[in-house]
Amino acid sequence: MGIMVQNINTKLMAALNSCGFFILCGLLCVLALFPSTVIAQYAYININDPLMRKIPVAIPFFKASTGHEQEVSLGKNAVDIMSSALDFTGYLSVLDKASFIENPSIKGITGADINYKNWTVIGADLLITGGIVEQNGAVRLELRLFDSFKESLLIGKVYTGHKEDIKSMVYRFCAEISLLLTGKMGVFGSKIAFVSTVKGNKEIFTCDFDGGNVSRLTNFNNITMSPAWSSDGNYIAFTSYAKGNPDLYIRDLRTNRDTVLSKKGLNITPAWIPGQFALAATLSFSGDQDIYIISGSGAVKSQLTKSMGIDLSPAFSPDGTQFAFVSKRSGNPQIYIGDTGSGSARRLTFQGNYNTSPAWSPDGDKIAYVGIVKNSINIYVIGVNGGGPTQLTSGQGDNEDPSWSPDGNLIAFSSTRQGASRIFVMTSTGSDQRPLFTFGGSQTDPTWSSAFGNK
Amino acid sequence: MGKKVVVKIMVMLFLSAMMLTVSCAKKSVETDPSAGIQQGSQDGLSAEEIARQKALEEERLREEALRNAIAAEKEKFEMEDIYFDFDSSELVPDARTLLKEKADFLTRNSGLTVTIEGHCDERGTTEYNLALGERRAMAAKRYLQDLGIAEFRLNTISYGEERPAIQGNDESAWSKNRRAHFVIR
């Protein structure tokens, strides 16, 4: 994508410039050094606070500079993309345009043009204005985020590129907003892989973070399940019975080629090691089900668990030094935490006698999992040190397969609350539970990618 | 000396050729016995020949009955699943009884190889159930091995909760889905 970005001067110029540079480089980890400066000044939100109030944001129509039809329609499209993306976050609520008093698309989009009282009076804490210029397919999108109470410009960006890039431009700006408000880049540009039935067979699909752009990945006409994204988003590993046995597939999304690991017995539950071209998976060729490290080219490297009995479903900590997994070594399935180097493990869950499907939070401090109590299947979150656990779903169907969004603010999961299993999304505290999309068949096993899309 | 040997060999060859012809003739009768009987009555064969053909027909019927019995046994072998408790791959007494019958069948039909499928009910998580299903299939396999069935005749595969025998989400359906299923290959 050939998108150019310029900053519009703000008080936070220095900090944002640094961030913008690193965003362009795609070095997400480096951002951790900067949010302190930003958040110190604008500590609006603690996304882990269950009592958090959603911040109301006004997104009036963008100003079309030349005003021709194509430009106006692109501008409307950009507003729609932005509104649904920001609404999706769970911590912003996009205000109804009917309440707006002022119209920046006519009056002007810079700070000097705005009468902030007209926005505070309708309850808009934040205001986003935009201007668009389109000429022969080339687009210039000028976006500003204002604090209407402080009457100040928080973020100002100018994106130039092709009109096909509008969605990416909008997502980048949303990521800037997320970074400013939460200290994290957010979900914009990330994807979700999931399993859906087609004519009774499970196949793997992908979609955008907000449920748009659903696309089918596999076509084996057999049981295919457990998708897992590599950190760079270039590979999806999964298990398929395509050749009769549950084999491990590693698909290169750039070439659509598969590398297959087909050991005798199970080749299941792949999980990529963060930042490496290697993954962990459960194999049972030895007669016992253990977790092994496997190279991205499909070679078995080493054995991670050695205990007799079922060991499966590895989920790595963000730095890869530890992994959560399910083991039956105590007599029923419980979550354990293992050391990637030594393989030594400790038991994490002690409540209930059926706890599976661990997912390690991007912040590194929590693990979401599935617990079954009295035939009721629900999602729980427990601290890595055993704090909690907190039950996030209850009383609404079976809830399984938790997967964290790359910013840790949301959890995707599957639920049968509406009958057939569907993919749902909720905040990390369990609020705002909503279906991601409606789609034929039944959907399970959502797996969120990293935020590679907005690098 | 030399001539005698040659003659002896020729006689033996002649005799064995005769025997071959006879056995061939027998075989052709066996493969189409009804035609033979008809022919017999029409051609006014000797009582001895009729009795011989009757015996052959009886033998054929016995063989058919045996084949039918084996087919029925095979069907029973494949129809009868062994069942497990929730989250368990332990063989309950009923399962052991049934496995003994299956081992007996496999001993009597030593040419057969079997795939043991491990299955689970829909409760629990998909991934864990793949592992549990495999343990169920392995438990059945080990028990049959203990009863003397060679390992190479026993394959296992787990389908987890992917292929339920019965649709439904109550214990009556679940209990029928927590099973090991046997398929003759």
# chains A, B, ... in the order shown; residues from 1 in each chain; ligands from 1
>>> residues_around(residues="Arg136 of chain B", least_positions_apart="4", cutoff="12 Å", atoms="only C-alpha atoms", output="PyMOL selection string")
(chain A and resi 310) or (chain B and resi 81-92+95+116-120+129-132+140-143+156-160+177-182)
>>> write_last_selection(atoms="N, CA and C atoms", output="compact mmCIF listing (two decimals), in the first residue's frame")
# COMPACT_ATOMS: atom_id res chain seq x y z
N ILE A 310 -3.12 -36.95 28.60
CA ILE A 310 -3.42 -35.91 27.62
C ILE A 310 -2.72 -34.59 27.96
N ASP B 81 -21.08 -50.92 19.35
CA ASP B 81 -20.07 -50.01 19.89
C ASP B 81 -19.86 -50.30 21.37
N ILE B 82 -18.69 -49.91 21.87
CA ILE B 82 -18.53 -49.95 23.33
C ILE B 82 -18.65 -48.51 23.84
N TYR B 83 -19.21 -48.38 25.02
CA TYR B 83 -19.52 -47.04 25.54
C TYR B 83 -18.66 -46.67 26.75
N PHE B 84 -18.51 -45.35 26.95
CA PHE B 84 -17.64 -44.83 28.00
C PHE B 84 -18.39 -43.83 28.88
N ASP B 85 -17.86 -43.61 30.07
CA ASP B 85 -18.39 -42.55 30.93
C ASP B 85 -17.85 -41.20 30.47
N PHE B 86 -18.47 -40.11 30.92
CA PHE B 86 -18.05 -38.76 30.56
C PHE B 86 -16.58 -38.53 30.95
N ASP B 87 -15.82 -37.94 30.04
CA ASP B 87 -14.42 -37.60 30.25
C ASP B 87 -13.59 -38.81 30.71
N SER B 88 -13.96 -40.00 30.22
CA SER B 88 -13.24 -41.20 30.65
C SER B 88 -12.92 -42.09 29.46
N SER B 89 -11.75 -42.70 29.53
CA SER B 89 -11.39 -43.69 28.50
C SER B 89 -11.24 -45.06 29.16
N GLU B 90 -11.78 -45.18 30.38
CA GLU B 90 -11.69 -46.44 31.09
C GLU B 90 -12.74 -47.42 30.55
N LEU B 91 -12.36 -48.69 30.43
CA LEU B 91 -13.31 -49.68 29.90
C LEU B 91 -14.21 -50.16 31.03
N VAL B 92 -15.51 -49.91 30.88
CA VAL B 92 -16.47 -50.36 31.90
C VAL B 92 -16.73 -51.86 31.68
N ALA B 95 -18.23 -52.96 28.43
CA ALA B 95 -17.31 -52.78 27.31
C ALA B 95 -16.33 -53.95 27.25
N ILE B 116 -10.35 -48.94 14.79
CA ILE B 116 -11.14 -48.58 15.97
C ILE B 116 -11.24 -47.06 16.01
N GLU B 117 -12.48 -46.56 15.91
CA GLU B 117 -12.71 -45.12 15.95
C GLU B 117 -13.09 -44.71 17.37
N GLY B 118 -12.42 -43.67 17.90
CA GLY B 118 -12.78 -43.13 19.20
C GLY B 118 -13.66 -41.91 19.02
N HIS B 119 -14.77 -41.87 19.73
CA HIS B 119 -15.72 -40.75 19.62
C HIS B 119 -16.08 -40.19 20.99
N CYS B 120 -16.57 -38.94 20.99
CA CYS B 120 -16.95 -38.27 22.24
C CYS B 120 -18.33 -37.64 22.09
N ASN B 129 -11.56 -33.16 23.07
CA ASN B 129 -12.27 -34.37 22.68
C ASN B 129 -11.52 -35.19 21.63
N LEU B 130 -10.71 -34.53 20.80
CA LEU B 130 -9.89 -35.28 19.84
C LEU B 130 -8.93 -36.20 20.61
N ALA B 131 -8.35 -35.65 21.67
CA ALA B 131 -7.40 -36.43 22.48
C ALA B 131 -8.13 -37.53 23.26
N LEU B 132 -9.28 -37.17 23.83
CA LEU B 132 -10.05 -38.15 24.60
C LEU B 132 -10.52 -39.30 23.70
N ALA B 140 -9.44 -49.55 23.86
CA ALA B 140 -10.05 -50.73 23.24
C ALA B 140 -8.99 -51.57 22.54
N LYS B 141 -8.07 -50.87 21.85
CA LYS B 141 -7.00 -51.57 21.13
C LYS B 141 -6.13 -52.38 22.10
N ARG B 142 -5.73 -51.74 23.18
CA ARG B 142 -4.86 -52.43 24.16
C ARG B 142 -5.54 -53.66 24.73
N TYR B 143 -6.83 -53.54 25.01
CA TYR B 143 -7.56 -54.67 25.60
C TYR B 143 -7.60 -55.84 24.61
N THR B 156 -6.13 -47.27 14.93
CA THR B 156 -7.01 -46.38 15.69
C THR B 156 -7.09 -45.02 15.01
N ILE B 157 -8.22 -44.36 15.17
CA ILE B 157 -8.36 -42.96 14.74
C ILE B 157 -9.37 -42.30 15.67
N SER B 158 -9.13 -41.03 15.97
CA SER B 158 -10.07 -40.29 16.81
C SER B 158 -10.85 -39.30 15.96
N TYR B 159 -12.15 -39.26 16.15
CA TYR B 159 -12.96 -38.23 15.51
C TYR B 159 -13.49 -37.23 16.54
N GLY B 160 -13.03 -37.35 17.78
CA GLY B 160 -13.49 -36.41 18.80
C GLY B 160 -15.01 -36.35 18.83
N ASN B 177 -23.01 -41.42 22.18
CA ASN B 177 -21.94 -40.83 21.38
C ASN B 177 -20.55 -41.03 21.99
N ARG B 178 -20.50 -41.30 23.29
CA ARG B 178 -19.20 -41.56 23.94
C ARG B 178 -18.84 -43.02 23.69
N ARG B 179 -18.18 -43.28 22.54
CA ARG B 179 -18.08 -44.67 22.12
C ARG B 179 -16.79 -44.96 21.37
N ALA B 180 -16.49 -46.25 21.28
CA ALA B 180 -15.50 -46.71 20.31
C ALA B 180 -16.27 -47.53 19.29
N HIS B 181 -16.03 -47.23 18.03
CA HIS B 181 -16.74 -47.87 16.94
C HIS B 181 -15.72 -48.69 16.13
N PHE B 182 -16.16 -49.87 15.66
CA PHE B 182 -15.23 -50.81 15.02
C PHE B 182 -15.59 -50.98 13.55
>>> select_by_dssp(residues="segment 43-180 of chain B", states="strand (DSSP E)", output="list in words")
Ile82, Tyr83, Val114, Thr115, Ile116, Glu117, Gly118, His119, Leu154, Asn155, Thr156, Ile157, Ser158, Tyr159, Gly160, Arg179 and Ala180 of chain B
>>> select_by_dssp(residues="segment 37-136 of chain B", states="helix (DSSP H, G or I)", output="compact mmCIF listing (two decimals) with C-alpha atoms, in the first residue's frame")
# COMPACT_ATOMS: atom_id res chain seq x y z
CA ILE B 37 -28.14 -81.70 -10.96
CA GLN B 38 -30.41 -80.84 -13.83
CA GLN B 39 -28.00 -82.47 -16.22
CA GLY B 40 -27.85 -85.51 -13.92
CA SER B 41 -31.59 -86.13 -13.93
CA GLN B 42 -31.88 -85.50 -17.63
CA ASP B 43 -29.01 -87.72 -18.61
CA ALA B 47 -27.69 -93.39 -8.32
CA GLU B 48 -24.12 -93.06 -7.11
CA GLU B 49 -23.61 -89.94 -9.20
CA ILE B 50 -26.88 -88.41 -7.97
CA ALA B 51 -25.93 -89.06 -4.36
CA ARG B 52 -22.54 -87.46 -4.96
CA GLN B 53 -24.18 -84.37 -6.43
CA LYS B 54 -26.62 -84.18 -3.57
CA ALA B 55 -23.72 -84.26 -1.14
CA LEU B 56 -22.07 -81.48 -3.06
CA GLU B 57 -25.22 -79.41 -2.95
CA GLU B 58 -25.49 -79.95 0.79
CA GLU B 59 -21.89 -78.88 1.18
CA ARG B 60 -22.58 -75.77 -0.84
CA LEU B 61 -25.54 -74.89 1.37
CA ARG B 62 -23.46 -75.46 4.49
CA GLU B 63 -20.78 -73.15 3.11
CA GLU B 64 -23.37 -70.52 2.26
CA ALA B 65 -24.87 -70.75 5.72
CA LEU B 66 -21.40 -70.36 7.18
CA ARG B 67 -20.72 -67.37 4.96
CA ASN B 68 -24.03 -65.84 6.03
CA ALA B 69 -23.19 -66.50 9.64
CA ILE B 70 -19.81 -64.82 9.23
CA ALA B 71 -21.43 -61.87 7.44
CA ALA B 72 -23.93 -61.58 10.29
CA GLU B 73 -21.10 -61.78 12.79
CA LYS B 74 -19.17 -59.12 10.88
CA GLU B 75 -22.23 -56.90 10.88
CA LYS B 76 -22.73 -57.44 14.59
CA PHE B 77 -19.03 -56.75 15.14
CA GLU B 78 -19.34 -53.39 13.37
CA MET B 79 -22.76 -52.52 14.79
CA PRO B 93 -17.50 -54.05 32.54
CA ASP B 94 -20.01 -54.06 29.65
CA ALA B 95 -17.31 -52.78 27.31
CA ARG B 96 -14.92 -55.54 28.44
CA THR B 97 -17.56 -58.22 27.82
CA LEU B 98 -18.19 -56.90 24.34
CA LEU B 99 -14.46 -56.64 23.61
CA LYS B 100 -14.01 -60.29 24.59
CA GLU B 101 -16.66 -61.23 22.01
CA LYS B 102 -14.87 -59.09 19.45
CA ALA B 103 -11.53 -60.67 20.26
CA ASP B 104 -13.11 -64.10 19.83
CA PHE B 105 -14.46 -63.09 16.43
CA LEU B 106 -11.09 -61.69 15.37
CA THR B 107 -9.34 -64.87 16.50
CA ARG B 108 -11.70 -66.96 14.37
CA THR B 126 -13.48 -29.87 20.35
CA GLU B 127 -9.71 -30.11 20.76
CA TYR B 128 -9.74 -31.94 24.08
CA ASN B 129 -12.27 -34.37 22.68
CA LEU B 130 -9.89 -35.28 19.84
CA ALA B 131 -7.40 -36.43 22.48
CA LEU B 132 -10.05 -38.15 24.60
CA GLY B 133 -11.44 -39.97 21.54
CA GLU B 134 -7.97 -41.25 20.75
CA ARG B 135 -7.54 -42.54 24.29
CA ARG B 136 -10.85 -44.41 24.03
>>> interface_residues(of="chain A", to="chain B", cutoff="8 Å", atoms="only C-alpha atoms", output="ChimeraX atom specification")
/A:223,226,245,265-266,268-269,289,310,312-313,332,354,356-357,372,375,377,400
>>> write_last_selection(atoms="C-alpha atoms", output="short mmCIF file (atom, residue, chain, number, x, y, z; two decimals), in the first residue's frame")
data_model
loop_
_atom_site.label_atom_id
_atom_site.label_comp_id
_atom_site.auth_asym_id
_atom_site.auth_seq_id
_atom_site.Cartn_x
_atom_site.Cartn_y
_atom_site.Cartn_z
CA ILE A 223 -13.05 -32.09 8.99
CA SER A 226 -8.10 -25.20 14.91
CA ASN A 245 -5.80 -38.78 9.54
CA GLY A 265 -2.05 -40.54 15.46
CA LEU A 266 -3.00 -36.96 16.31
CA ILE A 268 -3.49 -31.22 16.48
CA THR A 269 -3.85 -27.90 18.37
CA GLN A 289 -0.32 -37.21 23.68
CA ILE A 310 -3.42 -35.91 27.62
CA LEU A 312 -2.69 -30.30 24.46
CA SER A 313 -3.86 -26.81 23.39
CA ASN A 332 -9.43 -34.25 34.74
CA TYR A 354 -13.17 -29.36 33.38
CA THR A 356 -9.73 -26.22 28.68
CA SER A 357 -8.91 -23.95 25.69
CA ILE A 372 -17.66 -26.55 32.34
CA ASN A 375 -23.05 -29.02 31.87
CA ILE A 377 -19.98 -24.25 29.22
CA GLU A 400 -16.30 -21.75 23.88
#
>>> residues_around(residues="Leu436 of chain A", least_positions_apart="5", cutoff="8 Å", atoms="only C-alpha atoms", output="list of chain:residue names")
A:Asp210, A:Gly211, A:Arg422, A:Ile423, A:Phe424, A:Val425
>>> write_last_selection(atoms="N, CA and C atoms", output="compact mmCIF listing (two decimals), in the first residue's frame")
# COMPACT_ATOMS: atom_id res chain seq x y z
N ASP A 210 -13.97 -6.81 12.13
CA ASP A 210 -15.35 -6.42 12.43
C ASP A 210 -16.35 -7.35 11.76
N GLY A 211 -15.86 -8.48 11.22
CA GLY A 211 -16.78 -9.45 10.62
C GLY A 211 -17.00 -9.25 9.13
N ARG A 422 -22.37 -19.48 16.78
CA ARG A 422 -21.99 -18.26 16.06
C ARG A 422 -20.76 -17.66 16.73
N ILE A 423 -20.04 -16.83 15.95
CA ILE A 423 -18.90 -16.11 16.53
C ILE A 423 -19.41 -14.84 17.20
N PHE A 424 -19.01 -14.65 18.45
CA PHE A 424 -19.37 -13.46 19.22
C PHE A 424 -18.11 -12.70 19.63
N VAL A 425 -18.32 -11.45 20.01
CA VAL A 425 -17.22 -10.64 20.53
C VAL A 425 -17.72 -9.97 21.79
>>> residues_around(residues="segment 346-351 of chain A", least_positions_apart="6", cutoff="6 Å", atoms="only C-alpha atoms", output="list in words")
Gln334, Ile335, Tyr336, Ile337 and Gly386 of chain A
>>> residues_around(residues="Ala368 of chain A", least_positions_apart="6", cutoff="7 Å", atoms="only C-alpha atoms", output="JSON, numbers by chain")
{"A": [358, 359, 360, 379, 380, 381, 382, 402]}
>>> atom_distance(atom1="atom CA of Tyr292 of chain A", atom2="atom CA of Gly343 of chain A")
10.4 Å
>>> residues_around(residues="segment 188-196 of chain A", least_positions_apart="4", cutoff="7 Å", atoms="only C-alpha atoms", output="ChimeraX atom specification")
/A:171,174-175,202-209,225,227,441-454
>>> write_last_selection(atoms="C-alpha atoms", output="mmCIF file, in the first residue's frame")
data_model
loop_
_atom_site.group_PDB
_atom_site.id
_atom_site.type_symbol
_atom_site.label_atom_id
_atom_site.label_comp_id
_atom_site.auth_asym_id
_atom_site.auth_seq_id
_atom_site.Cartn_x
_atom_site.Cartn_y
_atom_site.Cartn_z
ATOM 1 C CA TYR A 171 -8.008 2.180 10.171
ATOM 2 C CA CYS A 174 -8.479 4.686 14.324
ATOM 3 C CA ALA A 175 -5.272 3.010 15.508
ATOM 4 C CA LYS A 202 -15.804 -27.989 8.757
ATOM 5 C CA GLU A 203 -13.676 -25.596 6.699
ATOM 6 C CA ILE A 204 -11.547 -22.605 7.667
ATOM 7 C CA PHE A 205 -12.595 -19.054 6.812
ATOM 8 C CA THR A 206 -11.174 -15.608 7.532
ATOM 9 C CA CYS A 207 -12.802 -12.198 7.964
ATOM 10 C CA ASP A 208 -11.874 -8.661 8.972
ATOM 11 C CA PHE A 209 -11.820 -7.837 12.703
ATOM 12 C CA MET A 225 -10.254 -27.122 12.397
ATOM 13 C CA PRO A 227 -6.725 -22.317 12.819
ATOM 14 C CA GLY A 441 -24.020 -23.123 8.863
ATOM 15 C CA SER A 442 -22.399 -23.082 12.296
ATOM 16 C CA GLN A 443 -19.230 -21.198 13.228
ATOM 17 C CA THR A 444 -16.678 -22.064 15.885
ATOM 18 C CA ASP A 445 -13.043 -21.604 16.834
ATOM 19 C CA PRO A 446 -12.440 -17.865 16.196
ATOM 20 C CA THR A 447 -8.750 -16.959 16.271
ATOM 21 C CA TRP A 448 -7.668 -13.343 16.195
ATOM 22 C CA SER A 449 -4.552 -12.378 14.231
ATOM 23 C CA SER A 450 -2.018 -9.830 15.427
ATOM 24 C CA ALA A 451 -2.601 -6.267 14.230
ATOM 25 C CA PHE A 452 -0.315 -6.816 11.229
ATOM 26 C CA GLY A 453 -2.800 -5.124 8.933
ATOM 27 C CA ASN A 454 -2.031 -1.613 10.215
#
>>> atom_distance(atom1="atom CA of Asn213 of chain A", atom2="atom CA of Phe173 of chain A")
20.2 Å
>>> atom_distance(atom1="atom CA of Pro362 of chain A", atom2="atom CA of Trp404 of chain A")
7.2 Å
>>> residues_around(residues="Arg53 of chain A", least_positions_apart="2", cutoff="8 Å", atoms="only C-alpha atoms", output="ChimeraX atom specification")
/A:51,55,91
